[in-house]
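Q: Please see the structure below; I have some questions.
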Amino acid sequence: MILIQGKIDSFNPSFHFKRIISLVPSITWLLYDYKLASNLIAVTKFCEIPEQFNSTTIRIGGTKNPDLDKIRLLKPDLIIANKEENNKTDVEALSKDSVVYLSDIFDLDSMYQMMAELGILTGMSNIANQWIQNIKDRYNLFKSNALFPHKFNIVYLIWRAPYMTVGRDTFIHYMLLQAGFVNIFSEYQRYPQINLNDIQFRNPDAIFLSSEPYPFKHHHQIEFLPIKSTLVDGRMFSWYGTYTIRSFDYLNALKQSLNNNL
């Protein structure tokens, strides 16, 4: 069975899933913040969580290539997946043996819905609702302090060889927009391939080189000269859930830095 985000109204609130596998790094962090560390029986190799938790949790491969046989042997009650992070074929295969909750996050509203629904499914609605309110409060403060006179035209790169950027229907684009950045490739959807000529022709104020999924480093910046490029923490733009509360101070500082240096 696949539980689709936004369609669990009929779920029995008296039953809560106890043996959980997360195939989504940012949701793994969310489950830890929901005090569900003891319920997480396995996570992907990309899930970053506190060290004491990492050392006792089984790894079941990557987000795009999970070990399906290993997952089945663990007999989870609930597997948490994401439409973008995970492959459709894997989700469908796993749903034959376990309940799979499938999220699709593209803005804060869809993120809040996912957070609330995972609270319902795990019996942690009170904690989930408190986190949602805390993020909303932090976001409102962020928006009141994020006023800068200049709109920065940005290229956000997630991959190299080939270069890949972000389109208008992604969570990353949404977070750029909230901070007042202009995504100059917003006419595209998802993650289009572009080349250096495309970037140079549009003459952005800056290029953001993300730390994930491709780990851009300082030596890559020379490829884009004379356009200014900046290494950015990809989690601050793409990790939805409880981790997002960290993003607002980061985005404010990033915008201020550009405002001072461009």
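If you're wondering about the labels, chains in the structure tokens are A, B, ... by order shown, residues count from 1 in each chain, ligands from 1 in order shown.
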Excluding Phe152 of chain A and its own-chain neighbours fewer than 3 positions away, which residues fall within 12 Å of it when counting only C-alpha atoms? Please give them as a PyMOL selection string.
A: chain A and resi 148-149+155-156+176-177+179-184+203-208+228+254-259+261-262
Q: So that I have them on file, write out the residues from the current selection with N, CA, C and O atoms, as an mmCIF file, in the first residue's frame.
A:
data_model
loop_
_atom_site.group_PDB
_atom_site.id
_atom_site.type_symbol
_atom_site.label_atom_id
_atom_site.label_comp_id
_atom_site.auth_asym_id
_atom_site.auth_seq_id
_atom_site.Cartn_x
_atom_site.Cartn_y
_atom_site.Cartn_z
ATOM 1 N N PHE A 148 16.207 43.690 1.383
ATOM 2 C CA PHE A 148 17.413 44.267 0.817
ATOM 3 C C PHE A 148 17.027 44.997 -0.467
ATOM 4 O O PHE A 148 16.114 44.571 -1.180
ATOM 5 N N PRO A 149 17.709 46.086 -0.782
ATOM 6 C CA PRO A 149 17.303 46.889 -1.938
ATOM 7 C C PRO A 149 17.564 46.226 -3.288
ATOM 8 O O PRO A 149 16.932 46.556 -4.269
ATOM 9 N N VAL A 155 22.186 31.840 -10.507
ATOM 10 C CA VAL A 155 22.161 30.496 -11.062
ATOM 11 C C VAL A 155 22.530 29.539 -9.931
ATOM 12 O O VAL A 155 23.563 29.714 -9.285
ATOM 13 N N TYR A 156 21.681 28.570 -9.680
ATOM 14 C CA TYR A 156 21.933 27.581 -8.615
ATOM 15 C C TYR A 156 22.278 26.263 -9.290
ATOM 16 O O TYR A 156 21.454 25.672 -9.984
ATOM 17 N N LEU A 176 14.923 29.886 -2.709
ATOM 18 C CA LEU A 176 15.591 31.043 -3.321
ATOM 19 C C LEU A 176 14.644 32.238 -3.380
ATOM 20 O O LEU A 176 15.008 33.371 -3.047
ATOM 21 N N LEU A 177 13.433 31.972 -3.796
ATOM 22 C CA LEU A 177 12.423 33.025 -3.928
ATOM 23 C C LEU A 177 12.114 33.670 -2.587
ATOM 24 O O LEU A 177 11.973 34.895 -2.485
ATOM 25 N N ALA A 179 14.016 34.111 -0.134
ATOM 26 C CA ALA A 179 15.128 34.964 0.290
ATOM 27 C C ALA A 179 15.303 36.178 -0.612
ATOM 28 O O ALA A 179 16.174 37.012 -0.376
ATOM 29 N N GLY A 180 14.486 36.281 -1.656
ATOM 30 C CA GLY A 180 14.582 37.436 -2.536
ATOM 31 C C GLY A 180 15.539 37.270 -3.687
ATOM 32 O O GLY A 180 15.835 38.231 -4.399
ATOM 33 N N PHE A 181 16.033 36.030 -3.894
ATOM 34 C CA PHE A 181 16.884 35.765 -5.043
ATOM 35 C C PHE A 181 16.023 35.514 -6.287
ATOM 36 O O PHE A 181 14.901 35.018 -6.187
ATOM 37 N N VAL A 182 16.562 35.840 -7.456
ATOM 38 C CA VAL A 182 15.874 35.600 -8.712
ATOM 39 C C VAL A 182 16.560 34.439 -9.421
ATOM 40 O O VAL A 182 17.740 34.530 -9.787
ATOM 41 N N ASN A 183 15.846 33.357 -9.589
ATOM 42 C CA ASN A 183 16.360 32.190 -10.313
ATOM 43 C C ASN A 183 16.229 32.464 -11.810
ATOM 44 O O ASN A 183 15.134 32.453 -12.358
ATOM 45 N N ILE A 184 17.337 32.705 -12.484
ATOM 46 C CA ILE A 184 17.252 33.159 -13.875
ATOM 47 C C ILE A 184 16.949 32.023 -14.849
ATOM 48 O O ILE A 184 16.787 32.263 -16.044
ATOM 49 N N ASN A 203 24.318 36.354 -17.778
ATOM 50 C CA ASN A 203 25.097 37.268 -16.951
ATOM 51 C C ASN A 203 24.526 37.429 -15.537
ATOM 52 O O ASN A 203 24.124 38.520 -15.120
ATOM 53 N N PRO A 204 24.503 36.365 -14.761
ATOM 54 C CA PRO A 204 23.953 36.459 -13.400
ATOM 55 C C PRO A 204 24.856 37.271 -12.476
ATOM 56 O O PRO A 204 26.050 37.458 -12.744
ATOM 57 N N ASP A 205 24.277 37.740 -11.380
ATOM 58 C CA ASP A 205 25.077 38.415 -10.359
ATOM 59 C C ASP A 205 25.998 37.428 -9.658
ATOM 60 O O ASP A 205 27.107 37.787 -9.253
ATOM 61 N N ALA A 206 25.531 36.203 -9.494
ATOM 62 C CA ALA A 206 26.341 35.181 -8.823
ATOM 63 C C ALA A 206 25.840 33.792 -9.189
ATOM 64 O O ALA A 206 24.685 33.620 -9.586
ATOM 65 N N ILE A 207 26.731 32.828 -9.037
ATOM 66 C CA ILE A 207 26.390 31.418 -9.211
ATOM 67 C C ILE A 207 26.528 30.743 -7.856
ATOM 68 O O ILE A 207 27.560 30.879 -7.186
ATOM 69 N N PHE A 208 25.488 30.051 -7.438
ATOM 70 C CA PHE A 208 25.548 29.281 -6.202
ATOM 71 C C PHE A 208 25.958 27.855 -6.550
ATOM 72 O O PHE A 208 25.276 27.173 -7.325
ATOM 73 N N LYS A 228 31.074 35.870 -10.525
ATOM 74 C CA LYS A 228 31.323 35.506 -9.136
ATOM 75 C C LYS A 228 30.514 34.255 -8.791
ATOM 76 O O LYS A 228 29.344 34.140 -9.133
ATOM 77 N N LEU A 254 23.577 34.895 3.931
ATOM 78 C CA LEU A 254 24.047 34.787 2.549
ATOM 79 C C LEU A 254 23.658 36.030 1.751
ATOM 80 O O LEU A 254 24.473 36.595 1.004
ATOM 81 N N LYS A 255 22.438 36.470 1.907
ATOM 82 C CA LYS A 255 21.975 37.657 1.203
ATOM 83 C C LYS A 255 22.754 38.890 1.649
ATOM 84 O O LYS A 255 23.142 39.737 0.831
ATOM 85 N N GLN A 256 23.008 38.994 2.940
ATOM 86 C CA GLN A 256 23.778 40.130 3.453
ATOM 87 C C GLN A 256 25.203 40.119 2.917
ATOM 88 O O GLN A 256 25.748 41.171 2.547
ATOM 89 N N SER A 257 25.802 38.929 2.838
ATOM 90 C CA SER A 257 27.159 38.814 2.316
ATOM 91 C C SER A 257 27.231 39.274 0.860
ATOM 92 O O SER A 257 28.145 40.017 0.471
ATOM 93 N N LEU A 258 26.275 38.856 0.052
ATOM 94 C CA LEU A 258 26.245 39.277 -1.337
ATOM 95 C C LEU A 258 26.001 40.782 -1.439
ATOM 96 O O LEU A 258 26.573 41.468 -2.297
ATOM 97 N N ASN A 259 25.147 41.284 -0.599
ATOM 98 C CA ASN A 259 24.824 42.708 -0.605
ATOM 99 C C ASN A 259 26.064 43.551 -0.317
ATOM 100 O O ASN A 259 26.238 44.645 -0.847
ATOM 101 N N ASN A 261 29.267 42.489 -0.896
ATOM 102 C CA ASN A 261 30.432 42.176 -1.731
ATOM 103 C C ASN A 261 30.221 42.323 -3.227
ATOM 104 O O ASN A 261 31.176 42.200 -4.000
ATOM 105 N N LEU A 262 28.986 42.555 -3.656
ATOM 106 C CA LEU A 262 28.767 42.710 -5.093
ATOM 107 C C LEU A 262 28.569 44.187 -5.457
ATOM 108 O O LEU A 262 28.120 44.965 -4.642
#
Q: Got a sec: who's within 8 Å of Ala42 of chain A, counting only C-alpha atoms, leaving out chain neighbours fewer than 4 positions off, as a PDB file with C-alpha atoms, in the first residue's frame?
A:
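Saved result, result-v9.pdb, follows:
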ATOM      1  CA  ILE A  20      10.146   2.660  10.358  1.00  0.00           C
ATOM      2  CA  ILE A  21      12.615   2.865   7.484  1.00  0.00           C
ATOM      3  CA  SER A  22      13.443   6.278   5.995  1.00  0.00           C
ATOM      4  CA  THR A  57      21.105   2.166  12.725  1.00  0.00           C
ATOM      5  CA  ILE A  58      21.218  -0.218   9.757  1.00  0.00           C
ATOM      6  CA  ARG A  59      22.089   1.256   6.356  1.00  0.00           C
ATOM      7  CA  ILE A  60      20.139   0.045   3.347  1.00  0.00           C
TER       8      ILE A  60
END
Q: As a ChimeraX atom specification, please: every residue in segment 74-217 of chain A that a backbone DSSP assignment puts in helix (DSSP H, G or I).
A: /A:74,88-94,108-122,125-145,171-178,196-202
Q: Using DSSP on the backbone coordinates, identify the residues of segment 42-95 of chain A assigned to strand (DSSP E); present them as number ranges by chain.
A: A: 42-43, 58-59, 78-82
Q: Suppose we keep N, CA and C atoms; can you now write the selection as an mmCIF file, in the first residue's frame?
A:
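Output (again_32.cif):
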data_model
loop_
_atom_site.group_PDB
_atom_site.id
_atom_site.type_symbol
_atom_site.label_atom_id
_atom_site.label_comp_id
_atom_site.auth_asym_id
_atom_site.auth_seq_id
_atom_site.Cartn_x
_atom_site.Cartn_y
_atom_site.Cartn_z
ATOM 1 N N ALA A 42 16.159 1.441 10.018
ATOM 2 C CA ALA A 42 17.132 1.532 8.930
ATOM 3 C C ALA A 42 16.955 2.849 8.182
ATOM 4 N N VAL A 43 18.067 3.333 7.613
ATOM 5 C CA VAL A 43 18.067 4.587 6.853
ATOM 6 C C VAL A 43 19.041 4.448 5.697
ATOM 7 N N ILE A 58 20.843 0.540 10.951
ATOM 8 C CA ILE A 58 21.218 -0.218 9.757
ATOM 9 C C ILE A 58 21.132 0.673 8.518
ATOM 10 N N ARG A 59 22.087 0.520 7.621
ATOM 11 C CA ARG A 59 22.089 1.256 6.356
ATOM 12 C C ARG A 59 21.599 0.336 5.229
ATOM 13 N N LEU A 78 6.434 0.709 8.282
ATOM 14 C CA LEU A 78 6.276 1.906 7.451
ATOM 15 C C LEU A 78 7.606 2.256 6.789
ATOM 16 N N ILE A 79 7.556 2.527 5.503
ATOM 17 C CA ILE A 79 8.713 3.033 4.759
ATOM 18 C C ILE A 79 8.364 4.432 4.286
ATOM 19 N N ILE A 80 9.253 5.377 4.530
ATOM 20 C CA ILE A 80 9.001 6.763 4.151
ATOM 21 C C ILE A 80 9.844 7.100 2.926
ATOM 22 N N ALA A 81 9.166 7.547 1.871
ATOM 23 C CA ALA A 81 9.829 7.852 0.604
ATOM 24 C C ALA A 81 9.378 9.223 0.113
ATOM 25 N N ASN A 82 10.018 9.674 -0.949
ATOM 26 C CA ASN A 82 9.703 10.972 -1.531
ATOM 27 C C ASN A 82 9.700 10.845 -3.050
#
Q: Identify, on the basis of only C-alpha atoms, every residue whose closest approach to segment 209-216 of chain A does not exceed 6 Å; exclude the query and any residue fewer than 6 positions from it along the same chain; express the result as a CSV table (one decimal) with all heavy atoms, in the first residue's frame.
A:
chain,number,residue,atom,x,y,z
A,157,LEU,N,23.5,25.8,-9.1
A,157,LEU,CA,24.0,24.6,-9.7
A,157,LEU,C,24.0,23.4,-8.7
A,157,LEU,O,24.5,23.5,-7.6
A,157,LEU,CB,25.4,24.7,-10.3
A,157,LEU,CG,25.5,25.7,-11.5
A,157,LEU,CD1,26.9,25.7,-12.0
A,157,LEU,CD2,24.5,25.3,-12.6
A,158,ILE,N,23.4,22.3,-9.2
A,158,ILE,CA,23.4,21.1,-8.3
A,158,ILE,C,24.3,20.0,-8.9
A,158,ILE,O,24.5,19.0,-8.2
A,158,ILE,CB,21.9,20.5,-8.2
A,158,ILE,CG1,21.4,20.1,-9.5
A,158,ILE,CG2,21.0,21.5,-7.5
A,158,ILE,CD1,20.2,19.2,-9.5
A,159,TRP,N,24.8,20.2,-10.1
A,159,TRP,CA,25.6,19.1,-10.7
A,159,TRP,C,26.6,19.7,-11.7
A,159,TRP,O,26.4,20.8,-12.2
A,159,TRP,CB,24.7,18.1,-11.4
A,159,TRP,CG,25.3,16.8,-11.6
A,159,TRP,CD1,25.9,16.3,-12.7
A,159,TRP,CD2,25.5,15.8,-10.6
A,159,TRP,NE1,26.4,15.0,-12.5
A,159,TRP,CE2,26.2,14.7,-11.2
A,159,TRP,CE3,25.2,15.7,-9.2
A,159,TRP,CZ2,26.6,13.6,-10.4
A,159,TRP,CZ3,25.5,14.6,-8.5
A,159,TRP,CH2,26.2,13.5,-9.1
A,230,THR,N,29.7,31.3,-5.5
A,230,THR,CA,29.7,31.2,-4.1
A,230,THR,C,29.4,29.7,-3.7
A,230,THR,O,28.4,29.2,-4.2
A,230,THR,CB,28.7,32.1,-3.4
A,230,THR,OG1,29.0,33.5,-3.7
A,230,THR,CG2,28.7,31.9,-1.9
A,231,LEU,N,30.2,29.1,-2.8
A,231,LEU,CA,29.8,27.8,-2.4
A,231,LEU,C,28.7,27.9,-1.3
A,231,LEU,O,28.8,28.7,-0.4
A,231,LEU,CB,31.0,27.1,-1.7
A,231,LEU,CG,32.2,26.9,-2.6
A,231,LEU,CD1,33.4,26.3,-1.8
A,231,LEU,CD2,31.9,25.9,-3.8
A,232,VAL,N,27.7,27.1,-1.5
A,232,VAL,CA,26.5,27.2,-0.5
A,232,VAL,C,26.2,25.8,0.0
A,232,VAL,O,26.5,24.8,-0.6
A,232,VAL,CB,25.3,27.8,-1.2
A,232,VAL,CG1,25.5,29.2,-1.6
A,232,VAL,CG2,24.8,26.9,-2.3
A,233,ASP,N,25.7,25.8,1.2
A,233,ASP,CA,25.3,24.5,1.9
A,233,ASP,C,23.9,24.1,1.3
A,233,ASP,O,22.9,24.7,1.5
A,233,ASP,CB,25.1,24.8,3.4
A,233,ASP,CG,24.8,23.5,4.2
A,233,ASP,OD1,24.4,22.5,3.6
A,233,ASP,OD2,25.0,23.5,5.4
A,234,GLY,N,23.9,23.0,0.5
A,234,GLY,CA,22.7,22.6,-0.2
A,234,GLY,C,21.6,22.2,0.7
A,234,GLY,O,20.4,22.3,0.4
Q: In terms of the shortest atom-to-atom distance over only C-alpha atoms, which of A:Leu251, A:Leu36, A:Ile199, A:Leu141 is closest to Asn153 of chain A?
A: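 Distance minimum relative to Asn153 of chain A lands on A:Ile199.
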Q: Pick out the residues sitting within 12 Å of Thr89 of chain A, and hand them over as a VMD selection string; count only C-alpha atoms, and ignore anything fewer than 5 positions along from it in its own chain.
A: chain A and resid 64 to 66 68 81 83 94 to 96
Q: Store the residues of this selection in a file with all heavy atoms, as a short mmCIF file (atom, residue, chain, number, x, y, z; two decimals), in the first residue's frame.
A:
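Output contents, as saved in selection-v3.cif:
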data_model
loop_
_atom_site.label_atom_id
_atom_site.label_comp_id
_atom_site.auth_asym_id
_atom_site.auth_seq_id
_atom_site.Cartn_x
_atom_site.Cartn_y
_atom_site.Cartn_z
N LYS A 64 18.63 6.41 -4.36
CA LYS A 64 18.28 5.96 -5.72
C LYS A 64 18.49 4.46 -5.93
O LYS A 64 18.00 3.91 -6.91
CB LYS A 64 19.10 6.73 -6.75
CG LYS A 64 18.91 8.25 -6.72
CD LYS A 64 17.49 8.65 -7.06
CE LYS A 64 17.37 10.17 -7.16
NZ LYS A 64 15.96 10.59 -7.38
N ASN A 65 19.23 3.83 -5.02
CA ASN A 65 19.50 2.40 -5.19
C ASN A 65 19.44 1.66 -3.85
O ASN A 65 20.41 1.03 -3.44
CB ASN A 65 20.86 2.18 -5.86
CG ASN A 65 21.99 2.83 -5.08
OD1 ASN A 65 21.77 3.64 -4.19
ND2 ASN A 65 23.22 2.45 -5.40
N PRO A 66 18.30 1.72 -3.16
CA PRO A 66 18.20 1.01 -1.88
C PRO A 66 18.25 -0.50 -2.07
O PRO A 66 17.86 -1.02 -3.13
CB PRO A 66 16.84 1.47 -1.35
CG PRO A 66 16.04 1.79 -2.57
CD PRO A 66 17.03 2.38 -3.54
N LEU A 68 16.59 -3.52 -1.73
CA LEU A 68 15.20 -3.92 -1.52
C LEU A 68 15.10 -5.23 -0.73
O LEU A 68 14.22 -5.37 0.14
CB LEU A 68 14.48 -4.06 -2.85
CG LEU A 68 14.46 -2.83 -3.77
CD1 LEU A 68 13.53 -3.07 -4.96
CD2 LEU A 68 14.05 -1.57 -3.02
N ALA A 81 9.17 7.55 1.87
CA ALA A 81 9.83 7.85 0.60
C ALA A 81 9.38 9.22 0.11
O ALA A 81 8.47 9.84 0.68
CB ALA A 81 9.52 6.78 -0.44
N LYS A 83 8.76 11.52 -3.68
CA LYS A 83 8.58 11.41 -5.13
C LYS A 83 9.83 11.82 -5.89
O LYS A 83 10.14 11.25 -6.94
CB LYS A 83 7.39 12.28 -5.55
CG LYS A 83 7.00 12.17 -7.00
CD LYS A 83 5.77 13.00 -7.31
CE LYS A 83 5.38 12.90 -8.77
NZ LYS A 83 4.17 13.72 -9.06
N LEU A 94 8.41 -1.91 -3.08
CA LEU A 94 8.37 -2.00 -1.62
C LEU A 94 6.94 -1.97 -1.09
O LEU A 94 6.65 -2.55 -0.04
CB LEU A 94 9.18 -0.84 -1.02
CG LEU A 94 10.69 -0.92 -1.23
CD1 LEU A 94 11.36 0.39 -0.81
CD2 LEU A 94 11.28 -2.09 -0.44
N SER A 95 6.05 -1.31 -1.82
CA SER A 95 4.66 -1.20 -1.35
C SER A 95 3.92 -2.53 -1.41
O SER A 95 2.83 -2.66 -0.85
CB SER A 95 3.91 -0.16 -2.18
OG SER A 95 3.70 -0.61 -3.51
N LYS A 96 4.48 -3.54 -2.06
CA LYS A 96 3.85 -4.86 -2.11
C LYS A 96 3.99 -5.60 -0.79
O LYS A 96 3.21 -6.52 -0.50
CB LYS A 96 4.46 -5.68 -3.25
CG LYS A 96 4.19 -5.11 -4.64
CD LYS A 96 4.86 -5.93 -5.72
CE LYS A 96 4.60 -5.33 -7.10
NZ LYS A 96 5.29 -6.10 -8.19
#
Q: Find the residues around Lys45 of chain A up to 9 Å (only C-alpha atoms counted), leave out those fewer than 3 positions away in its own chain, and share them as a count of residues only.
A: 7
Q: Atom CA of Phe237 of chain A and atom CA of Phe17 of chain A, how far apart in Å?
A: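 Rounded to one decimal, the two atoms are 29.4 Å apart.
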Q: So that I can check the surroundings of segment 30-35 of chain A, please list as an NGL selection string every protein, DNA and RNA residue that reaches within 6 Å of it, counting only C-alpha atoms and ignoring chain neighbours fewer than 3 positions away.
A: :A and (27 or 241-242)
